[in-house]
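J.: File run_6.tsv follows (TSV, C-alpha atoms):
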```tsv
chain	number	residue	atom	x	y	z
G	1	MET	CA	-12.75	19.64	-8.34
G	2	ARG	CA	-11.75	16.01	-8.00
G	3	PRO	CA	-9.38	15.17	-5.13
G	4	VAL	CA	-5.88	14.48	-6.44
G	5	ILE	CA	-4.42	11.14	-5.35
G	6	GLY	CA	-0.70	10.55	-5.73
G	7	LEU	CA	0.27	7.01	-6.68
G	8	CYS	CA	3.87	6.13	-5.85
G	9	ALA	CA	5.14	4.30	-8.91
G	10	ALA	CA	7.98	1.92	-9.68
G	11	VAL	CA	10.76	2.22	-12.25
G	12	GLU	CA	11.03	-1.13	-14.04
G	13	ARG	CA	12.35	-2.56	-17.28
G	14	ALA	CA	9.38	-2.89	-19.62
G	15	ARG	CA	8.56	-3.73	-23.23
G	16	TRP	CA	5.90	-2.05	-25.35
G	17	THR	CA	5.46	-1.96	-29.14
G	18	VAL	CA	9.06	-1.83	-30.48
G	19	TRP	CA	10.62	-0.49	-27.27
G	20	ASP	CA	12.49	-2.15	-24.41
G	21	ASP	CA	13.48	0.43	-21.81
G	22	GLU	CA	13.13	1.59	-18.22
G	23	ALA	CA	9.61	2.87	-17.55
G	24	VAL	CA	7.67	4.48	-14.74
G	25	LEU	CA	4.82	2.08	-14.19
G	26	LEU	CA	2.09	0.82	-11.89
G	27	PRO	CA	-0.77	-1.61	-12.54
G	28	ARG	CA	-3.60	0.35	-14.13
G	29	ALA	CA	-6.01	-1.02	-11.51
G	30	TYR	CA	-4.76	1.57	-8.98
G	31	ALA	CA	-5.64	4.52	-11.21
G	32	THR	CA	-8.91	2.88	-12.23
G	33	ALA	CA	-9.95	2.45	-8.58
G	34	VAL	CA	-9.13	6.10	-7.83
G	35	GLN	CA	-10.99	7.33	-10.91
G	36	ARG	CA	-13.99	5.10	-10.21
G	37	ALA	CA	-14.23	6.72	-6.76
G	38	GLY	CA	-14.18	10.22	-8.25
G	39	GLY	CA	-10.50	11.01	-7.75
G	40	LEU	CA	-7.81	12.25	-10.13
G	41	ALA	CA	-4.78	9.92	-10.19
G	42	ILE	CA	-1.22	11.11	-10.77
G	43	LEU	CA	1.97	9.02	-10.78
G	44	LEU	CA	4.86	9.92	-8.48
G	45	PRO	CA	8.07	8.21	-9.66
G	46	PRO	CA	11.04	7.84	-7.27
G	47	ASP	CA	12.81	11.16	-6.84
G	48	GLU	CA	15.35	12.87	-4.60
G	49	VAL	CA	13.60	14.23	-1.52
G	50	SER	CA	14.92	17.28	0.22
G	51	ASP	CA	11.45	18.59	1.06
G	52	PRO	CA	8.59	16.05	1.08
G	53	GLY	CA	6.16	18.94	1.33
G	54	GLU	CA	7.03	19.82	-2.27
G	55	PHE	CA	5.35	16.57	-3.34
G	56	LEU	CA	2.51	16.59	-0.82
G	57	ALA	CA	1.50	20.08	-1.95
G	58	LEU	CA	0.45	18.49	-5.25
G	59	VAL	CA	-1.95	15.95	-3.77
G	60	ASP	CA	-4.96	15.59	-1.48
G	61	GLY	CA	-4.18	11.93	-0.68
G	62	LEU	CA	-1.40	9.41	-1.22
G	63	ILE	CA	-1.20	5.69	-2.00
G	64	LEU	CA	1.96	3.68	-1.40
G	65	ALA	CA	1.43	0.85	-3.85
G	66	GLY	CA	2.60	-2.75	-3.85
G	67	GLY	CA	5.68	-3.95	-5.65
G	68	ALA	CA	9.23	-5.12	-5.03
G	69	ASP	CA	10.50	-6.23	-1.63
G	70	TYR	CA	11.84	-3.59	0.70
G	71	GLY	CA	15.59	-3.31	0.05
G	72	ALA	CA	15.37	-4.36	-3.60
G	73	VAL	CA	14.98	-0.81	-4.93
G	74	PRO	CA	16.69	1.57	-2.47
G	75	ASP	CA	15.81	4.83	-4.26
G	76	ARG	CA	12.12	3.91	-4.32
G	77	ASP	CA	12.27	2.82	-0.67
G	78	ALA	CA	13.84	6.11	0.43
G	79	PHE	CA	11.39	8.21	-1.59
G	80	GLU	CA	8.29	6.45	-0.31
G	81	ILE	CA	9.41	6.29	3.32
G	82	ALA	CA	10.10	10.04	3.26
G	83	LEU	CA	6.65	10.73	1.78
G	84	ALA	CA	4.96	8.38	4.25
G	85	GLN	CA	6.63	10.08	7.22
G	86	ALA	CA	5.66	13.53	5.99
G	87	ALA	CA	2.10	12.53	5.07
G	88	MET	CA	1.50	11.15	8.55
G	89	GLU	CA	3.08	14.20	10.19
G	90	GLU	CA	0.94	16.57	8.13
G	91	ASP	CA	-2.19	14.38	8.30
G	92	VAL	CA	-2.46	13.93	4.55
G	93	PRO	CA	-4.74	10.91	3.90
G	94	LEU	CA	-2.48	7.91	3.33
G	95	LEU	CA	-3.16	4.33	2.24
G	96	GLY	CA	-0.37	1.76	2.12
G	97	VAL	CA	-1.02	-1.34	0.02
G	98	CYS	CA	1.01	-4.52	0.66
G	99	ARG	CA	4.61	-3.25	0.31
G	100	GLY	CA	3.19	0.20	1.08
G	101	MET	CA	1.90	-0.95	4.47
G	102	GLN	CA	5.32	-2.41	5.23
G	103	LEU	CA	7.03	0.88	4.35
G	104	MET	CA	4.61	2.80	6.57
G	105	ASN	CA	5.63	0.54	9.42
G	106	LEU	CA	9.34	0.97	8.68
G	107	ALA	CA	8.88	4.74	8.51
G	108	ARG	CA	7.82	4.67	12.16
G	109	GLY	CA	10.68	2.40	13.30
G	110	GLY	CA	8.85	-0.93	12.95
G	111	THR	CA	10.34	-4.15	11.61
G	112	LEU	CA	9.49	-6.77	9.00
G	113	ILE	CA	9.48	-10.54	8.73
G	114	SER	CA	11.72	-11.07	5.70
G	115	HIS	CA	10.22	-14.40	4.54
G	116	LEU	CA	6.91	-15.51	6.02
G	117	PRO	CA	7.18	-19.23	5.20
G	118	ASP	CA	10.24	-19.44	7.46
G	119	VAL	CA	8.12	-18.22	10.38
G	120	LEU	CA	4.61	-19.40	9.54
G	121	GLY	CA	5.47	-22.73	7.93
G	122	HIS	CA	3.23	-22.24	4.90
G	123	GLU	CA	2.98	-20.19	1.69
G	124	ASP	CA	-0.71	-19.29	1.78
G	125	HIS	CA	0.01	-15.57	1.43
G	126	ARG	CA	1.74	-16.08	-1.95
G	127	ARG	CA	0.83	-19.51	-3.24
G	128	VAL	CA	1.64	-18.77	-6.89
G	129	PRO	CA	4.07	-15.96	-7.81
G	130	GLY	CA	2.35	-13.59	-10.20
G	131	ALA	CA	-1.20	-14.56	-9.19
G	132	PHE	CA	-3.34	-13.27	-6.33
G	133	GLY	CA	-4.60	-15.69	-3.71
G	134	ASP	CA	-7.78	-15.35	-1.67
G	135	HIS	CA	-8.15	-15.35	2.09
G	136	ASP	CA	-10.24	-13.55	4.70
G	137	VAL	CA	-9.05	-11.00	7.24
G	138	ARG	CA	-10.61	-10.15	10.61
G	139	LEU	CA	-10.90	-6.42	11.25
G	140	ALA	CA	-11.25	-4.76	14.63
G	141	GLU	CA	-14.68	-3.35	15.37
G	142	GLY	CA	-14.70	0.43	15.21
G	143	SER	CA	-11.35	0.60	13.40
G	144	LEU	CA	-10.56	2.68	10.34
G	145	ALA	CA	-9.72	-0.58	8.57
G	146	ALA	CA	-13.23	-1.92	9.20
G	147	ARG	CA	-14.86	1.35	8.14
G	148	ALA	CA	-12.76	1.52	4.98
G	149	ALA	CA	-13.47	-2.10	4.04
G	150	GLY	CA	-17.13	-1.94	5.10
G	151	ALA	CA	-16.99	-5.21	7.04
G	152	LEU	CA	-15.47	-6.98	10.03
G	153	THR	CA	-14.66	-10.11	8.02
G	154	HIS	CA	-13.28	-9.14	4.65
G	155	PRO	CA	-12.27	-11.34	1.67
G	156	THR	CA	-8.99	-10.17	0.20
G	157	LYS	CA	-6.56	-10.61	-2.69
G	158	SER	CA	-3.13	-11.54	-1.34
G	159	HIS	CA	0.37	-11.75	-2.83
G	160	HIS	CA	3.30	-11.23	-0.45
G	161	HIS	CA	6.03	-13.14	1.33
G	162	GLN	CA	7.11	-10.40	3.75
G	163	GLY	CA	5.04	-9.01	6.59
G	164	VAL	CA	4.91	-6.72	9.60
G	165	ASP	CA	6.72	-7.91	12.71
G	166	ALA	CA	7.15	-5.26	15.46
G	167	LEU	CA	4.77	-2.34	15.04
G	168	GLY	CA	6.12	1.13	14.39
G	169	GLU	CA	5.54	3.93	16.89
G	170	GLY	CA	1.94	5.11	17.03
G	171	PHE	CA	0.47	2.23	15.03
G	172	GLU	CA	-2.20	-0.20	16.14
G	173	ALA	CA	-2.82	-3.57	14.52
G	174	THR	CA	-6.47	-3.70	13.44
G	175	GLY	CA	-6.55	-6.58	10.96
G	176	TRP	CA	-5.36	-10.19	11.03
G	177	ALA	CA	-5.31	-13.00	8.48
G	178	ALA	CA	-7.94	-15.62	9.30
G	179	VAL	CA	-5.53	-18.39	8.32
G	180	ASP	CA	-2.74	-17.58	10.82
G	181	ASP	CA	-3.39	-14.23	12.62
G	182	LEU	CA	-0.63	-12.44	10.69
G	183	VAL	CA	-1.06	-8.67	11.04
G	184	GLU	CA	-2.83	-7.48	7.86
G	185	ALA	CA	-3.93	-3.94	8.76
G	186	ILE	CA	-2.25	-1.18	10.74
G	187	GLU	CA	-3.42	2.35	11.44
G	188	ASP	CA	-2.62	5.46	13.43
G	189	PRO	CA	-5.80	6.42	15.32
G	190	THR	CA	-4.51	9.96	15.90
G	191	ARG	CA	-4.54	10.69	12.17
G	192	ALA	CA	-7.64	11.35	10.06
G	193	PHE	CA	-6.70	8.56	7.61
G	194	ALA	CA	-3.42	6.68	7.96
G	195	LEU	CA	-4.09	3.05	7.05
G	196	GLY	CA	-1.94	0.19	5.81
G	197	VAL	CA	-3.45	-3.01	4.41
G	198	GLN	CA	-1.44	-6.09	3.49
G	199	TRP	CA	-3.89	-7.11	0.77
G	200	HIS	CA	-4.54	-5.63	-2.70
G	201	PRO	CA	-7.86	-3.73	-2.88
G	202	GLU	CA	-6.99	-2.44	-6.35
G	203	ALA	CA	-7.19	-6.04	-7.62
G	204	ASP	CA	-10.79	-6.46	-6.45
G	205	PRO	CA	-13.37	-4.36	-8.33
G	206	VAL	CA	-15.84	-4.55	-5.44
G	207	ALA	CA	-13.34	-3.50	-2.75
G	208	VAL	CA	-13.93	0.00	-1.36
G	209	GLU	CA	-10.75	0.78	0.58
G	210	ILE	CA	-9.37	3.06	-2.15
G	211	ALA	CA	-12.74	4.79	-2.40
G	212	ALA	CA	-12.53	5.43	1.35
G	213	LEU	CA	-9.15	7.12	0.85
G	214	VAL	CA	-10.57	9.26	-1.96
G	215	GLU	CA	-13.44	10.37	0.29
G	216	ALA	CA	-10.99	11.25	3.07
G	217	ALA	CA	-8.96	13.27	0.57
G	218	ARG	CA	-12.11	15.01	-0.63
G	219	ALA	CA	-12.83	16.10	2.94
```
Would you mind writing the structure in this file as structure tokens?
T.:
Amino acid sequence: MRPVIGLCAAVERARWTVWDDEAVLLPRAYATAVQRAGGLAILLPPDEVSDPGEFLALVDGLILAGGADYGAVPDRDAFEIALAQAAMEEDVPLLGVCRGMQLMNLARGGTLISHLPDVLGHEDHRRVPGAFGDHDVRLAEGSLAARAAGALTHPTKSHHHQGVDALGEGFEATGWAAVDDLVEAIEDPTRAFALGVQWHPEADPVAVEIAALVEAARA
């Protein structure tokens, strides 16, 4: 059977055919990347969490996807932080993408830089809102990030204005933006697969990070 990968989804106002309503949504590229790697993708919309294990019992792996800034959608934040904490505790394969990496860090008591241009003095990480930019990241030799990406220097698709500041407990920084050394990958080496990446592998059809998660879930 295919490994089941849970995709944490957003609730957003959307328009389709004659309708204009709130919808549970996520860019299709996430599901496509999971399916291309041999996984079965299911959406997990924000929900009340009394027992995260109730959700994790449904999946073999979990992706915290990109999206709105932390703090903009409190119910989604709380849901995904609870799932991230439980997934790491139970060693369920976990990949955090952009916002998802930031939530992983917050779940372990880390902090964020709220607006990178104020600290870095440039907007290279989100040059044009609504369009991905390109830059390379350096990945630590022997790291999960390097194994998942298949390279030590990795071209990425970037779109964010927040970033990791202080690392959460148990995390190591294993990737840095070539342009300014901003932390772009974090991982917990005591877990089988607990990786956060600041870039968007779902937006790059040749990227293999999501396939690496699917393989970890298959195992």
J.: Would you compute the distance between CA of Cys8 in chain G and CA of Leu25 in chain G? Give it in Å to one decimal.
T.: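 If I compute the distance from CA of Cys8 in chain G to CA of Leu25 in chain G, I get 9.3 Å.
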J.: As a PyMOL selection string, please: the residues near range 131-146 of chain G (cut-off 10 Å, all atoms listed in the file, same-chain neighbours under 5 positions excluded).
T.: chain G and resi 124-126+151-160+172-189+192-200+203+209+212
J.: Which neighbours of Phe79 in chain G fall inside 12 Å, counting only C-alpha atoms, when residues of the same chain fewer than 3 positions from it are skipped, and could you give them as a list in words?
T.: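 Returned residues: Cys8, Ala9, Ala10, Leu44, Pro45, Pro46, Asp47, Glu48, Val49, Ser50, Asp51, Pro52, Phe55, Leu64, Val73, Pro74, Asp75, Arg76, Ala82, Leu83, Ala84, Gln85, Ala86, Gly100, Leu103, Met104 and Ala107 of chain G.
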J.: Find the distance between CA of Val4 in chain G and CA of Gly61 in chain G and write it in Å to one decimal.
T.: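 Calculated distance between CA of Val4 in chain G and CA of Gly61 in chain G is 6.5 Å.
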J.: How many Å lie between CA of Glu12 in chain G and CA of Val24 in chain G, rounded to one decimal?
T.: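 Computing the Euclidean distance for CA of Glu12 in chain G and CA of Val24 in chain G yields 6.6 Å.
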J.: As a CSV table (one decimal) with C-alpha atoms, in the frame of the given file, please: the residues near Leu40 in chain G (cut-off 9 Å, all atoms listed in the file, same-chain neighbours under 3 positions excluded).
T.:
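Below is the file that was written, out.csv:
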```
chain,number,residue,atom,x,y,z
G,2,ARG,CA,-11.8,16.0,-8.0
G,3,PRO,CA,-9.4,15.2,-5.1
G,4,VAL,CA,-5.9,14.5,-6.4
G,5,ILE,CA,-4.4,11.1,-5.4
G,6,GLY,CA,-0.7,10.6,-5.7
G,31,ALA,CA,-5.6,4.5,-11.2
G,34,VAL,CA,-9.1,6.1,-7.8
G,35,GLN,CA,-11.0,7.3,-10.9
```
J.: Show me, as a PyMOL selection string, the residues that have an atom within 8 Å of Leu116 in chain G when counting only C-alpha atoms, minus same-chain residues fewer than 4 positions from it.
T.: chain G and resi 120-123+161-163
J.: Starting from the sparse input, extend range 19-47 of chain G to N, CA and C atoms and give the output as a PDB file, in the frame of the given file.
T.:
```
ATOM      1  N   TRP G  19       9.697  -1.021 -28.259  1.00  0.00           N
ATOM      2  CA  TRP G  19      10.620  -0.490 -27.270  1.00  0.00           C
ATOM      3  C   TRP G  19      10.870  -1.456 -26.129  1.00  0.00           C
ATOM      4  N   ASP G  20      12.083  -1.406 -25.600  1.00  0.00           N
ATOM      5  CA  ASP G  20      12.490  -2.150 -24.410  1.00  0.00           C
ATOM      6  C   ASP G  20      13.355  -1.200 -23.603  1.00  0.00           C
ATOM      7  N   ASP G  21      12.793  -0.658 -22.511  1.00  0.00           N
ATOM      8  CA  ASP G  21      13.480   0.430 -21.810  1.00  0.00           C
ATOM      9  C   ASP G  21      12.976   0.504 -20.376  1.00  0.00           C
ATOM     10  N   GLU G  22      13.639   1.322 -19.556  1.00  0.00           N
ATOM     11  CA  GLU G  22      13.130   1.590 -18.220  1.00  0.00           C
ATOM     12  C   GLU G  22      11.876   2.451 -18.334  1.00  0.00           C
ATOM     13  N   ALA G  23      10.879   2.145 -17.496  1.00  0.00           N
ATOM     14  CA  ALA G  23       9.610   2.870 -17.550  1.00  0.00           C
ATOM     15  C   ALA G  23       9.102   3.119 -16.140  1.00  0.00           C
ATOM     16  N   VAL G  24       8.408   4.223 -15.972  1.00  0.00           N
ATOM     17  CA  VAL G  24       7.670   4.480 -14.740  1.00  0.00           C
ATOM     18  C   VAL G  24       6.330   3.793 -14.884  1.00  0.00           C
ATOM     19  N   LEU G  25       6.035   2.858 -13.982  1.00  0.00           N
ATOM     20  CA  LEU G  25       4.820   2.080 -14.190  1.00  0.00           C
ATOM     21  C   LEU G  25       4.168   1.661 -12.873  1.00  0.00           C
ATOM     22  N   LEU G  26       2.915   1.315 -12.991  1.00  0.00           N
ATOM     23  CA  LEU G  26       2.090   0.820 -11.890  1.00  0.00           C
ATOM     24  C   LEU G  26       0.912   0.106 -12.537  1.00  0.00           C
ATOM     25  N   PRO G  27       0.421  -0.989 -11.966  1.00  0.00           N
ATOM     26  CA  PRO G  27      -0.770  -1.610 -12.540  1.00  0.00           C
ATOM     27  C   PRO G  27      -1.901  -0.590 -12.706  1.00  0.00           C
ATOM     28  N   ARG G  28      -2.553  -0.627 -13.838  1.00  0.00           N
ATOM     29  CA  ARG G  28      -3.600   0.350 -14.130  1.00  0.00           C
ATOM     30  C   ARG G  28      -4.737   0.288 -13.111  1.00  0.00           C
ATOM     31  N   ALA G  29      -4.901  -0.844 -12.446  1.00  0.00           N
ATOM     32  CA  ALA G  29      -6.010  -1.020 -11.510  1.00  0.00           C
ATOM     33  C   ALA G  29      -5.995   0.040 -10.403  1.00  0.00           C
ATOM     34  N   TYR G  30      -4.808   0.517 -10.007  1.00  0.00           N
ATOM     35  CA  TYR G  30      -4.760   1.570  -8.980  1.00  0.00           C
ATOM     36  C   TYR G  30      -5.437   2.840  -9.468  1.00  0.00           C
ATOM     37  N   ALA G  31      -5.043   3.306 -10.655  1.00  0.00           N
ATOM     38  CA  ALA G  31      -5.640   4.520 -11.210  1.00  0.00           C
ATOM     39  C   ALA G  31      -7.133   4.328 -11.467  1.00  0.00           C
ATOM     40  N   THR G  32      -7.500   3.152 -11.951  1.00  0.00           N
ATOM     41  CA  THR G  32      -8.910   2.880 -12.230  1.00  0.00           C
ATOM     42  C   THR G  32      -9.734   2.964 -10.950  1.00  0.00           C
ATOM     43  N   ALA G  33      -9.224   2.409  -9.852  1.00  0.00           N
ATOM     44  CA  ALA G  33      -9.950   2.450  -8.580  1.00  0.00           C
ATOM     45  C   ALA G  33     -10.108   3.888  -8.085  1.00  0.00           C
ATOM     46  N   VAL G  34      -9.049   4.692  -8.237  1.00  0.00           N
ATOM     47  CA  VAL G  34      -9.130   6.100  -7.830  1.00  0.00           C
ATOM     48  C   VAL G  34     -10.145   6.839  -8.692  1.00  0.00           C
ATOM     49  N   GLN G  35     -10.090   6.644  -9.995  1.00  0.00           N
ATOM     50  CA  GLN G  35     -10.990   7.330 -10.910  1.00  0.00           C
ATOM     51  C   GLN G  35     -12.434   6.901 -10.690  1.00  0.00           C
ATOM     52  N   ARG G  36     -12.642   5.612 -10.451  1.00  0.00           N
ATOM     53  CA  ARG G  36     -13.990   5.100 -10.210  1.00  0.00           C
ATOM     54  C   ARG G  36     -14.603   5.746  -8.968  1.00  0.00           C
ATOM     55  N   ALA G  37     -13.762   6.100  -8.001  1.00  0.00           N
ATOM     56  CA  ALA G  37     -14.230   6.720  -6.760  1.00  0.00           C
ATOM     57  C   ALA G  37     -14.342   8.240  -6.871  1.00  0.00           C
ATOM     58  N   GLY G  38     -14.048   8.789  -8.049  1.00  0.00           N
ATOM     59  CA  GLY G  38     -14.180  10.220  -8.250  1.00  0.00           C
ATOM     60  C   GLY G  38     -12.922  11.013  -8.010  1.00  0.00           C
ATOM     61  N   GLY G  39     -11.765  10.335  -7.963  1.00  0.00           N
ATOM     62  CA  GLY G  39     -10.500  11.010  -7.750  1.00  0.00           C
ATOM     63  C   GLY G  39      -9.738  11.187  -9.055  1.00  0.00           C
ATOM     64  N   LEU G  40      -8.717  12.023  -8.997  1.00  0.00           N
ATOM     65  CA  LEU G  40      -7.810  12.250 -10.130  1.00  0.00           C
ATOM     66  C   LEU G  40      -6.463  11.643  -9.745  1.00  0.00           C
ATOM     67  N   ALA G  41      -6.000  10.679 -10.520  1.00  0.00           N
ATOM     68  CA  ALA G  41      -4.780   9.920 -10.190  1.00  0.00           C
ATOM     69  C   ALA G  41      -3.574  10.496 -10.907  1.00  0.00           C
ATOM     70  N   ILE G  42      -2.483  10.702 -10.147  1.00  0.00           N
ATOM     71  CA  ILE G  42      -1.220  11.110 -10.770  1.00  0.00           C
ATOM     72  C   ILE G  42      -0.113  10.181 -10.274  1.00  0.00           C
ATOM     73  N   LEU G  43       0.843   9.871 -11.149  1.00  0.00           N
ATOM     74  CA  LEU G  43       1.970   9.020 -10.780  1.00  0.00           C
ATOM     75  C   LEU G  43       3.099   9.843 -10.180  1.00  0.00           C
ATOM     76  N   LEU G  44       3.708   9.300  -9.114  1.00  0.00           N
ATOM     77  CA  LEU G  44       4.860   9.920  -8.480  1.00  0.00           C
ATOM     78  C   LEU G  44       6.026   8.939  -8.575  1.00  0.00           C
ATOM     79  N   PRO G  45       6.925   9.114  -9.552  1.00  0.00           N
ATOM     80  CA  PRO G  45       8.070   8.210  -9.660  1.00  0.00           C
ATOM     81  C   PRO G  45       9.100   8.526  -8.582  1.00  0.00           C
ATOM     82  N   PRO G  46       9.981   7.578  -8.258  1.00  0.00           N
ATOM     83  CA  PRO G  46      11.040   7.840  -7.270  1.00  0.00           C
ATOM     84  C   PRO G  46      11.822   9.091  -7.637  1.00  0.00           C
ATOM     85  N   ASP G  47      12.136   9.893  -6.619  1.00  0.00           N
ATOM     86  CA  ASP G  47      12.810  11.160  -6.840  1.00  0.00           C
ATOM     87  C   ASP G  47      13.652  11.470  -5.610  1.00  0.00           C
TER      88      ASP G  47
END
```
